[in-house]
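Participant: Sharing upload_25.tsv below, TSV, N, CA and C atoms and all ligand atoms:
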```
chain	number	residue	atom	x	y	z
A	1	MET	N	-23.07	-30.92	13.79
A	1	MET	CA	-23.88	-31.44	12.69
A	1	MET	C	-25.36	-31.43	13.06
A	2	ARG	N	-25.65	-31.54	14.34
A	2	ARG	CA	-27.06	-31.58	14.74
A	2	ARG	C	-27.81	-30.36	14.22
A	3	LEU	N	-27.19	-29.20	14.41
A	3	LEU	CA	-27.84	-27.96	14.02
A	3	LEU	C	-28.14	-27.96	12.53
A	4	PHE	N	-27.20	-28.46	11.75
A	4	PHE	CA	-27.35	-28.43	10.30
A	4	PHE	C	-28.62	-29.15	9.89
A	5	HIS	N	-28.89	-30.27	10.53
A	5	HIS	CA	-30.07	-31.04	10.14
A	5	HIS	C	-31.35	-30.31	10.49
A	6	CYS	N	-31.31	-29.42	11.48
A	6	CYS	CA	-32.53	-28.70	11.85
A	6	CYS	C	-32.66	-27.41	11.08
A	7	LEU	N	-31.73	-27.11	10.19
A	7	LEU	CA	-31.73	-25.78	9.58
A	7	LEU	C	-33.01	-25.43	8.83
A	8	PRO	N	-33.58	-26.34	8.07
A	8	PRO	CA	-34.83	-25.94	7.39
A	8	PRO	C	-35.85	-25.44	8.41
A	9	MET	N	-35.91	-26.12	9.55
A	9	MET	CA	-36.85	-25.71	10.59
A	9	MET	C	-36.46	-24.35	11.16
A	10	LEU	N	-35.16	-24.20	11.42
A	10	LEU	CA	-34.68	-22.93	11.96
A	10	LEU	C	-35.00	-21.79	11.00
A	11	ALA	N	-34.77	-22.04	9.72
A	11	ALA	CA	-34.99	-20.99	8.74
A	11	ALA	C	-36.46	-20.59	8.75
A	12	LEU	N	-37.34	-21.57	8.88
A	12	LEU	CA	-38.76	-21.28	8.94
A	12	LEU	C	-39.08	-20.44	10.17
A	13	ALA	N	-38.55	-20.88	11.31
A	13	ALA	CA	-38.79	-20.16	12.55
A	13	ALA	C	-38.26	-18.74	12.42
A	14	ALA	N	-37.09	-18.62	11.81
A	14	ALA	CA	-36.47	-17.30	11.69
A	14	ALA	C	-37.33	-16.40	10.80
A	15	SER	N	-37.79	-16.93	9.68
A	15	SER	CA	-38.50	-16.04	8.78
A	15	SER	C	-39.86	-15.68	9.36
A	16	ALA	N	-40.48	-16.61	10.09
A	16	ALA	CA	-41.79	-16.32	10.66
A	16	ALA	C	-41.69	-15.13	11.61
A	17	SER	N	-40.66	-15.13	12.47
A	17	SER	CA	-40.59	-14.02	13.43
A	17	SER	C	-39.90	-12.81	12.80
A	18	PHE	N	-39.28	-13.03	11.67
A	18	PHE	CA	-38.48	-11.95	11.08
A	18	PHE	C	-39.35	-10.98	10.28
A	19	ILE	N	-40.37	-11.51	9.60
A	19	ILE	CA	-41.12	-10.65	8.70
A	19	ILE	C	-41.74	-9.42	9.38
A	20	PRO	N	-42.41	-9.59	10.53
A	20	PRO	CA	-42.97	-8.38	11.16
A	20	PRO	C	-41.86	-7.41	11.57
A	21	ALA	N	-40.75	-7.94	12.09
A	21	ALA	CA	-39.65	-7.07	12.51
A	21	ALA	C	-39.10	-6.31	11.30
A	22	GLN	N	-39.06	-6.97	10.19
A	22	GLN	CA	-38.52	-6.36	8.99
A	22	GLN	C	-39.35	-5.13	8.61
A	23	ALA	N	-40.66	-5.25	8.75
A	23	ALA	CA	-41.53	-4.14	8.39
A	23	ALA	C	-41.24	-2.93	9.26
A	24	GLN	N	-40.91	-3.17	10.54
A	24	GLN	CA	-40.70	-2.04	11.45
A	24	GLN	C	-39.29	-1.48	11.37
A	25	GLN	N	-38.31	-2.34	11.14
A	25	GLN	CA	-36.93	-1.91	11.39
A	25	GLN	C	-36.09	-1.82	10.13
A	26	GLY	N	-36.70	-1.79	8.99
A	26	GLY	CA	-35.88	-1.79	7.78
A	26	GLY	C	-35.46	-3.20	7.50
A	27	SER	N	-34.97	-3.44	6.30
A	27	SER	CA	-34.74	-4.83	5.94
A	27	SER	C	-33.25	-5.11	5.80
A	28	ALA	N	-32.91	-6.37	5.86
A	28	ALA	CA	-31.53	-6.77	5.62
A	28	ALA	C	-31.18	-6.43	4.18
A	29	PRO	N	-29.93	-6.11	3.95
A	29	PRO	CA	-29.52	-5.81	2.58
A	29	PRO	C	-29.91	-6.98	1.67
A	30	SER	N	-30.39	-6.66	0.49
A	30	SER	CA	-30.89	-7.74	-0.36
A	30	SER	C	-29.73	-8.50	-0.98
A	31	PHE	N	-29.93	-9.77	-1.16
A	31	PHE	CA	-28.91	-10.57	-1.83
A	31	PHE	C	-29.59	-11.77	-2.45
A	32	THR	N	-28.94	-12.35	-3.42
A	32	THR	CA	-29.47	-13.54	-4.06
A	32	THR	C	-28.69	-14.73	-3.53
A	33	PRO	N	-29.37	-15.74	-3.03
A	33	PRO	CA	-28.63	-16.87	-2.45
A	33	PRO	C	-27.59	-17.43	-3.41
A	34	LYS	N	-27.85	-17.35	-4.70
A	34	LYS	CA	-26.92	-17.88	-5.69
A	34	LYS	C	-25.56	-17.17	-5.65
A	35	ASP	N	-25.55	-15.91	-5.14
A	35	ASP	CA	-24.30	-15.15	-5.12
A	35	ASP	C	-23.23	-15.82	-4.28
A	36	GLU	N	-23.63	-16.54	-3.27
A	36	GLU	CA	-22.67	-17.07	-2.32
A	36	GLU	C	-22.95	-18.54	-2.10
A	37	GLN	N	-21.87	-19.31	-1.95
A	37	GLN	CA	-22.03	-20.73	-1.71
A	37	GLN	C	-21.15	-21.13	-0.56
A	38	VAL	N	-21.64	-22.11	0.19
A	38	VAL	CA	-20.90	-22.52	1.37
A	38	VAL	C	-19.49	-22.97	1.00
A	39	GLU	N	-19.32	-23.49	-0.22
A	39	GLU	CA	-18.00	-23.96	-0.66
A	39	GLU	C	-17.00	-22.81	-0.79
A	40	ASP	N	-17.49	-21.57	-0.88
A	40	ASP	CA	-16.57	-20.43	-0.98
A	40	ASP	C	-15.90	-20.12	0.35
A	41	LEU	N	-16.42	-20.66	1.44
A	41	LEU	CA	-15.87	-20.37	2.76
A	41	LEU	C	-14.75	-21.34	3.10
A	42	PRO	N	-13.82	-20.91	3.96
A	42	PRO	CA	-12.76	-21.85	4.37
A	42	PRO	C	-13.37	-23.09	5.00
A	43	GLU	N	-12.86	-24.23	4.58
A	43	GLU	CA	-13.34	-25.52	5.08
A	43	GLU	C	-12.88	-25.72	6.51
A	44	ALA	N	-13.79	-25.92	7.43
A	44	ALA	CA	-13.45	-26.17	8.83
A	44	ALA	C	-14.72	-26.59	9.55
A	45	PRO	N	-14.57	-27.21	10.72
A	45	PRO	CA	-15.78	-27.57	11.47
A	45	PRO	C	-16.64	-26.34	11.72
A	46	GLY	N	-17.93	-26.46	11.55
A	46	GLY	CA	-18.84	-25.34	11.80
A	46	GLY	C	-19.15	-24.53	10.56
A	47	ARG	N	-18.51	-24.83	9.45
A	47	ARG	CA	-18.72	-24.02	8.25
A	47	ARG	C	-20.19	-24.07	7.80
A	48	GLU	N	-20.74	-25.26	7.65
A	48	GLU	CA	-22.11	-25.38	7.15
A	48	GLU	C	-23.10	-24.75	8.12
A	49	GLU	N	-22.85	-24.98	9.42
A	49	GLU	CA	-23.77	-24.47	10.43
A	49	GLU	C	-23.79	-22.94	10.41
A	50	THR	N	-22.59	-22.34	10.34
A	50	THR	CA	-22.48	-20.89	10.38
A	50	THR	C	-23.11	-20.27	9.13
A	51	PHE	N	-22.74	-20.81	7.99
A	51	PHE	CA	-23.27	-20.27	6.73
A	51	PHE	C	-24.80	-20.42	6.70
A	52	GLY	N	-25.27	-21.61	7.06
A	52	GLY	CA	-26.71	-21.89	6.99
A	52	GLY	C	-27.50	-20.98	7.90
A	53	LEU	N	-27.00	-20.79	9.11
A	53	LEU	CA	-27.74	-19.97	10.08
A	53	LEU	C	-27.73	-18.50	9.67
A	54	CYS	N	-26.58	-17.98	9.38
A	54	CYS	CA	-26.47	-16.54	9.14
A	54	CYS	C	-27.11	-16.14	7.81
A	55	THR	N	-27.02	-16.99	6.80
A	55	THR	CA	-27.58	-16.61	5.50
A	55	THR	C	-29.07	-16.88	5.42
A	56	ALA	N	-29.66	-17.37	6.49
A	56	ALA	CA	-31.13	-17.48	6.51
A	56	ALA	C	-31.72	-16.08	6.34
A	57	CYS	N	-31.02	-15.05	6.80
A	57	CYS	CA	-31.55	-13.68	6.76
A	57	CYS	C	-30.77	-12.73	5.86
A	58	HIS	N	-29.48	-12.92	5.76
A	58	HIS	CA	-28.70	-11.96	4.97
A	58	HIS	C	-27.48	-12.62	4.35
A	59	GLY	N	-26.86	-11.91	3.43
A	59	GLY	CA	-25.69	-12.43	2.75
A	59	GLY	C	-24.57	-12.71	3.73
A	60	TYR	N	-23.76	-13.70	3.40
A	60	TYR	CA	-22.63	-14.00	4.28
A	60	TYR	C	-21.61	-12.88	4.27
A	61	ARG	N	-21.63	-12.08	3.21
A	61	ARG	CA	-20.68	-10.98	3.12
A	61	ARG	C	-20.82	-10.02	4.31
A	62	LEU	N	-22.04	-9.85	4.78
A	62	LEU	CA	-22.26	-8.99	5.94
A	62	LEU	C	-21.47	-9.51	7.15
A	63	VAL	N	-21.34	-10.83	7.22
A	63	VAL	CA	-20.58	-11.45	8.30
A	63	VAL	C	-19.08	-11.37	8.00
A	64	SER	N	-18.70	-11.75	6.77
A	64	SER	CA	-17.27	-11.86	6.47
A	64	SER	C	-16.60	-10.50	6.32
A	65	ASN	N	-17.40	-9.44	6.18
A	65	ASN	CA	-16.84	-8.09	6.17
A	65	ASN	C	-16.33	-7.68	7.54
A	66	GLN	N	-16.80	-8.37	8.57
A	66	GLN	CA	-16.43	-8.01	9.94
A	66	GLN	C	-15.25	-8.84	10.39
A	67	GLY	N	-14.47	-8.30	11.31
A	67	GLY	CA	-13.44	-9.08	11.98
A	67	GLY	C	-13.55	-8.79	13.46
A	68	MET	N	-13.77	-9.82	14.24
A	68	MET	CA	-14.02	-9.58	15.67
A	68	MET	C	-13.42	-10.69	16.52
A	69	THR	N	-13.28	-10.37	17.81
A	69	THR	CA	-12.87	-11.39	18.77
A	69	THR	C	-14.07	-12.32	19.02
A	70	ARG	N	-13.78	-13.44	19.67
A	70	ARG	CA	-14.84	-14.40	19.98
A	70	ARG	C	-15.93	-13.74	20.85
A	71	ASP	N	-15.48	-12.91	21.82
A	71	ASP	CA	-16.45	-12.23	22.69
A	71	ASP	C	-17.37	-11.33	21.89
A	72	LYS	N	-16.81	-10.60	20.93
A	72	LYS	CA	-17.62	-9.69	20.13
A	72	LYS	C	-18.57	-10.47	19.22
A	73	TRP	N	-18.09	-11.59	18.70
A	73	TRP	CA	-18.99	-12.43	17.90
A	73	TRP	C	-20.13	-12.95	18.76
A	74	ASP	N	-19.79	-13.27	20.00
A	74	ASP	CA	-20.81	-13.76	20.93
A	74	ASP	C	-21.88	-12.67	21.12
A	75	GLU	N	-21.43	-11.43	21.29
A	75	GLU	CA	-22.38	-10.33	21.43
A	75	GLU	C	-23.22	-10.17	20.16
A	76	THR	N	-22.58	-10.36	19.01
A	76	THR	CA	-23.31	-10.23	17.74
A	76	THR	C	-24.42	-11.28	17.65
A	77	ILE	N	-24.10	-12.50	18.06
A	77	ILE	CA	-25.10	-13.56	18.01
A	77	ILE	C	-26.27	-13.22	18.94
A	78	THR	N	-25.93	-12.72	20.13
A	78	THR	CA	-26.99	-12.32	21.06
A	78	THR	C	-27.84	-11.20	20.44
A	79	TRP	N	-27.17	-10.26	19.78
A	79	TRP	CA	-27.87	-9.14	19.15
A	79	TRP	C	-28.81	-9.65	18.04
A	80	MET	N	-28.31	-10.57	17.21
A	80	MET	CA	-29.14	-11.14	16.15
A	80	MET	C	-30.38	-11.81	16.74
A	81	THR	N	-30.19	-12.44	17.90
A	81	THR	CA	-31.29	-13.15	18.54
A	81	THR	C	-32.30	-12.15	19.14
A	82	GLU	N	-31.76	-11.17	19.87
A	82	GLU	CA	-32.67	-10.26	20.58
A	82	GLU	C	-33.33	-9.27	19.64
A	83	ARG	N	-32.57	-8.76	18.69
A	83	ARG	CA	-33.14	-7.70	17.85
A	83	ARG	C	-33.82	-8.24	16.60
A	84	HIS	N	-33.26	-9.31	16.05
A	84	HIS	CA	-33.76	-9.75	14.76
A	84	HIS	C	-34.49	-11.09	14.80
A	85	GLY	N	-34.66	-11.66	16.00
A	85	GLY	CA	-35.44	-12.88	16.11
A	85	GLY	C	-34.74	-14.12	15.61
A	86	MET	N	-33.40	-14.10	15.61
A	86	MET	CA	-32.69	-15.32	15.25
A	86	MET	C	-32.94	-16.36	16.34
A	87	PRO	N	-33.06	-17.64	15.97
A	87	PRO	CA	-33.22	-18.67	17.01
A	87	PRO	C	-32.08	-18.57	18.02
A	88	ASP	N	-32.42	-18.79	19.30
A	88	ASP	CA	-31.42	-18.67	20.36
A	88	ASP	C	-30.56	-19.93	20.37
A	89	ILE	N	-29.36	-19.81	19.84
A	89	ILE	CA	-28.46	-20.96	19.75
A	89	ILE	C	-27.59	-20.99	21.00
A	90	GLN	N	-27.59	-22.12	21.69
A	90	GLN	CA	-26.81	-22.24	22.93
A	90	GLN	C	-25.97	-23.51	22.91
A	91	GLY	N	-25.11	-23.63	23.91
A	91	GLY	CA	-24.37	-24.87	24.12
A	91	GLY	C	-23.37	-25.17	23.02
A	92	ALA	N	-23.27	-26.45	22.67
A	92	ALA	CA	-22.24	-26.90	21.73
A	92	ALA	C	-22.42	-26.25	20.36
A	93	ASP	N	-23.65	-26.04	19.94
A	93	ASP	CA	-23.87	-25.44	18.62
A	93	ASP	C	-23.34	-24.02	18.59
A	94	ARG	N	-23.57	-23.29	19.68
A	94	ARG	CA	-23.08	-21.91	19.75
A	94	ARG	C	-21.55	-21.88	19.74
A	95	ASP	N	-20.94	-22.79	20.51
A	95	ASP	CA	-19.47	-22.87	20.54
A	95	ASP	C	-18.91	-23.16	19.16
A	96	LEU	N	-19.55	-24.07	18.46
A	96	LEU	CA	-19.08	-24.45	17.13
A	96	LEU	C	-19.09	-23.24	16.20
A	97	ILE	N	-20.18	-22.50	16.22
A	97	ILE	CA	-20.31	-21.33	15.34
A	97	ILE	C	-19.35	-20.22	15.78
A	98	LEU	N	-19.23	-20.02	17.09
A	98	LEU	CA	-18.30	-18.99	17.59
A	98	LEU	C	-16.86	-19.33	17.24
A	99	ASP	N	-16.51	-20.60	17.35
A	99	ASP	CA	-15.14	-21.00	16.99
A	99	ASP	C	-14.89	-20.71	15.51
A	100	TYR	N	-15.87	-21.01	14.70
A	100	TYR	CA	-15.69	-20.78	13.27
A	100	TYR	C	-15.54	-19.28	12.98
A	101	LEU	N	-16.41	-18.48	13.55
A	101	LEU	CA	-16.37	-17.03	13.31
A	101	LEU	C	-15.06	-16.43	13.81
A	102	ALA	N	-14.67	-16.81	15.03
A	102	ALA	CA	-13.47	-16.20	15.63
A	102	ALA	C	-12.21	-16.62	14.88
A	103	THR	N	-12.20	-17.86	14.36
A	103	THR	CA	-11.02	-18.33	13.65
A	103	THR	C	-10.91	-17.71	12.27
A	104	HIS	N	-12.03	-17.63	11.57
A	104	HIS	CA	-11.96	-17.21	10.17
A	104	HIS	C	-12.27	-15.74	9.95
A	105	HIS	N	-12.85	-15.09	10.94
A	105	HIS	CA	-13.10	-13.65	10.84
A	105	HIS	C	-12.60	-12.95	12.10
A	106	PRO	N	-11.28	-13.05	12.35
A	106	PRO	CA	-10.69	-12.43	13.54
A	106	PRO	C	-10.56	-10.92	13.34
A	107	PRO	N	-10.28	-10.18	14.42
A	107	PRO	CA	-10.13	-8.73	14.28
A	107	PRO	C	-9.07	-8.42	13.23
A	108	LYS	N	-9.35	-7.43	12.42
A	108	LYS	CA	-8.36	-7.04	11.41
A	108	LYS	C	-7.26	-6.25	12.10
A	109	ALA	N	-6.02	-6.49	11.69
A	109	ALA	CA	-4.91	-5.75	12.29
A	109	ALA	C	-5.04	-4.29	11.91
A	110	PRO	N	-4.91	-3.38	12.89
A	110	PRO	CA	-4.97	-1.96	12.56
A	110	PRO	C	-3.87	-1.64	11.54
A	111	ALA	N	-4.18	-0.82	10.57
A	111	ALA	CA	-3.25	-0.56	9.47
A	111	ALA	C	-1.89	-0.08	9.99
A	112	ARG	N	-1.91	0.78	11.00
A	112	ARG	CA	-0.65	1.35	11.50
A	112	ARG	C	0.14	0.34	12.31
A	113	ALA	N	-0.57	-0.40	13.15
A	113	ALA	CA	0.08	-1.16	14.21
A	113	ALA	C	1.29	-1.99	13.76
A	114	GLY	N	1.15	-3.12	13.19
A	114	GLY	CA	2.33	-3.94	12.92
A	114	GLY	C	3.03	-3.59	11.63
A	115	GLY	N	2.63	-2.51	10.97
A	115	GLY	CA	3.19	-2.25	9.65
A	115	GLY	C	2.67	-3.29	8.66
A	116	PHE	N	3.52	-3.80	7.85
A	116	PHE	CA	3.13	-4.76	6.82
A	116	PHE	C	2.60	-6.05	7.42
A	117	ARG	N	1.51	-6.52	6.87
A	117	ARG	CA	0.98	-7.80	7.32
A	117	ARG	C	0.86	-8.71	6.11
A	118	ASN	N	1.59	-9.79	6.14
A	118	ASN	CA	1.61	-10.70	5.00
A	118	ASN	C	0.26	-11.39	4.83
A	119	PRO	N	-0.39	-11.12	3.71
A	119	PRO	CA	-1.73	-11.71	3.53
A	119	PRO	C	-1.68	-13.23	3.35
A	120	PHE	N	-0.50	-13.78	3.12
A	120	PHE	CA	-0.40	-15.24	2.92
A	120	PHE	C	-0.04	-15.97	4.21
A	121	ALA	N	0.26	-15.19	5.26
A	121	ALA	CA	0.64	-15.82	6.53
A	121	ALA	C	-0.55	-16.60	7.06
A	122	PRO	N	-0.31	-17.79	7.66
A	122	PRO	CA	-1.44	-18.54	8.24
A	122	PRO	C	-2.05	-17.74	9.37
A	123	GLN	N	-3.38	-17.79	9.49
A	123	GLN	CA	-4.06	-16.99	10.51
A	123	GLN	C	-3.86	-17.58	11.88
B	201	LIG	C1	-33.33	-13.71	11.89
B	201	LIG	C2	-32.56	-12.98	10.92
B	201	LIG	C3	-31.04	-12.93	11.10
B	201	LIG	C4	-30.18	-14.01	11.28
B	201	LIG	C5	-30.51	-15.49	11.36
B	201	LIG	C6	-28.86	-13.42	11.35
B	201	LIG	N1	-28.92	-12.06	11.19
B	201	LIG	FE1	-27.32	-10.79	11.16
B	201	LIG	N2	-28.56	-9.26	10.66
B	201	LIG	C7	-29.94	-9.34	10.51
B	201	LIG	C8	-30.43	-8.07	9.98
B	201	LIG	C9	-31.90	-7.75	9.68
B	201	LIG	C10	-29.30	-7.23	9.81
B	201	LIG	C11	-29.23	-5.81	9.22
B	201	LIG	C12	-29.84	-4.78	10.07
B	201	LIG	C13	-28.97	-4.35	11.21
B	201	LIG	O1	-27.75	-4.15	11.03
B	201	LIG	O2	-29.51	-4.17	12.33
B	201	LIG	C14	-28.14	-8.00	10.26
B	201	LIG	C15	-26.84	-7.53	10.25
B	201	LIG	C16	-25.72	-8.25	10.65
B	201	LIG	C17	-24.37	-7.73	10.71
B	201	LIG	C18	-23.94	-6.35	10.30
B	201	LIG	C19	-23.94	-5.41	11.43
B	201	LIG	C20	-23.39	-4.08	11.03
B	201	LIG	O3	-22.73	-3.48	11.87
B	201	LIG	O4	-23.62	-3.65	9.90
B	201	LIG	C21	-23.58	-8.73	11.18
B	201	LIG	C22	-22.07	-8.68	11.46
B	201	LIG	C23	-24.43	-9.88	11.39
B	201	LIG	N3	-25.71	-9.56	11.05
B	201	LIG	C24	-23.97	-11.09	11.84
B	201	LIG	C25	-24.74	-12.25	11.86
B	201	LIG	C26	-24.21	-13.57	12.13
B	201	LIG	C27	-22.75	-13.87	12.47
B	201	LIG	C28	-25.25	-14.43	12.02
B	201	LIG	C29	-25.21	-15.95	12.19
B	201	LIG	C30	-24.66	-16.44	13.44
B	201	LIG	C31	-26.44	-13.65	11.71
B	201	LIG	N4	-26.09	-12.34	11.61
B	201	LIG	C32	-27.72	-14.19	11.54
B	201	LIG	C33	-30.72	-10.45	10.78
B	201	LIG	C34	-30.24	-11.72	11.02
```
Would you write the structure of this file as structure tokens?
Facilitator:
Amino acid sequence: MRLFHCLPMLALAASASFIPAQAQQGSAPSFTPKDEQVEDLPEAPGREETFGLCTACHGYRLVSNQGMTRDKWDETITWMTERHGMPDIQGADRDLILDYLATHHPPKAPARAGGFRNPFAPQ
């Protein structure tokens, strides 16, 4: 919850360092904040923090389109920080966000591998 309360500040910090980078490296796909709401995401600890942090720069769909292991999500967060100037989130806040990402956006099962995968099965 601590991170959530600092989000307005984080968003400011993110946009300040983001604008020059955007000019050089192309921009994040455009989206309207109204398109997506935190309530659309599965309810779990870390939901607000993850949505708030990641949508400071781009649509959540860019995140939810991916399915990755916790390690790969960790690399993605590092990449967002190093390449795109996302605030460097460490410690408990990082764990909270990584747990949320790894639980709700796990690697997608390869189409061939297990054959049929019941979309209603609990993850
Ligand atoms: C400071 C701005 C910023 C923040 C905050 C940010 N991103 Fe990004 N992210 C970007 C930009 C810009 C792109 C698109 C350009 C690119 O792919 O390099 C992007 C693209 C992505 C992609 C798509 C990569 C691909 O292969 O197409 C993923 C996944 C992603 N971000 C995950 C995250 C997650 C998860 C968070 C929150 C923990 C996050 N981002 C927060 C700037 C940001």
Participant: Would you work out the distance separating CA of Thr50 in chain A from CA of Ala109 in chain A, expressed in Å to one decimal?
Facilitator: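 Distance reported for this atom pair: 23.3 Å.
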Participant: Take the point (-21.4, -17.4, 22.4) as written in the file and pick out every residue within 7 Å of it, counting all atoms listed in the file; give the list as an mmCIF file with N, CA and C atoms, keeping the file's coordinate frame.
Facilitator:
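Result file follows (part33.cif):
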```
data_model
loop_
_atom_site.group_PDB
_atom_site.id
_atom_site.type_symbol
_atom_site.label_atom_id
_atom_site.label_comp_id
_atom_site.auth_asym_id
_atom_site.auth_seq_id
_atom_site.Cartn_x
_atom_site.Cartn_y
_atom_site.Cartn_z
ATOM 1 N N ARG A 70 -13.780 -13.440 19.670
ATOM 2 C CA ARG A 70 -14.840 -14.400 19.980
ATOM 3 C C ARG A 70 -15.930 -13.740 20.850
ATOM 4 N N TRP A 73 -18.090 -11.590 18.700
ATOM 5 C CA TRP A 73 -18.990 -12.430 17.900
ATOM 6 C C TRP A 73 -20.130 -12.950 18.760
ATOM 7 N N ASP A 74 -19.790 -13.270 20.000
ATOM 8 C CA ASP A 74 -20.810 -13.760 20.930
ATOM 9 C C ASP A 74 -21.880 -12.670 21.120
ATOM 10 N N GLU A 75 -21.430 -11.430 21.290
ATOM 11 C CA GLU A 75 -22.380 -10.330 21.430
ATOM 12 C C GLU A 75 -23.220 -10.170 20.160
ATOM 13 N N ILE A 77 -24.100 -12.500 18.060
ATOM 14 C CA ILE A 77 -25.100 -13.560 18.010
ATOM 15 C C ILE A 77 -26.270 -13.220 18.940
ATOM 16 N N THR A 78 -25.930 -12.720 20.130
ATOM 17 C CA THR A 78 -26.990 -12.320 21.060
ATOM 18 C C THR A 78 -27.840 -11.200 20.440
ATOM 19 N N ARG A 94 -23.570 -23.290 19.680
ATOM 20 C CA ARG A 94 -23.080 -21.910 19.750
ATOM 21 C C ARG A 94 -21.550 -21.880 19.740
ATOM 22 N N ASP A 95 -20.940 -22.790 20.510
ATOM 23 C CA ASP A 95 -19.470 -22.870 20.540
ATOM 24 C C ASP A 95 -18.910 -23.160 19.160
ATOM 25 N N LEU A 98 -19.230 -20.020 17.090
ATOM 26 C CA LEU A 98 -18.300 -18.990 17.590
ATOM 27 C C LEU A 98 -16.860 -19.330 17.240
#
```
Participant: Would you mind telling me which residue in A:Thr103, A:Gln37, A:Gln66, A:Asn118 lies nearest to ligand LIG 201 (chain B) when using only C-alpha atoms and all ligand atoms?
Facilitator: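 Of A:Thr103, A:Gln37, A:Gln66, A:Asn118, the one nearest ligand LIG 201 (chain B), counting only C-alpha atoms and all ligand atoms, is A:Gln66.
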Participant: Interatomic distance between CA of Lys108 in chain A and atom C22 of ligand LIG 201 (chain B)?
Facilitator: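 Interatomic distance, CA of Lys108 in chain A to atom C22 of ligand LIG 201 (chain B): 13.8 Å.
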Participant: Taking only N, CA and C atoms and all ligand atoms into account, which of A:Ala44, A:Ala121, A:Cys57, A:Val38 comes nearest ligand LIG 201 (chain B)?
Facilitator: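 Smallest distance to ligand LIG 201 (chain B) is found for A:Cys57.
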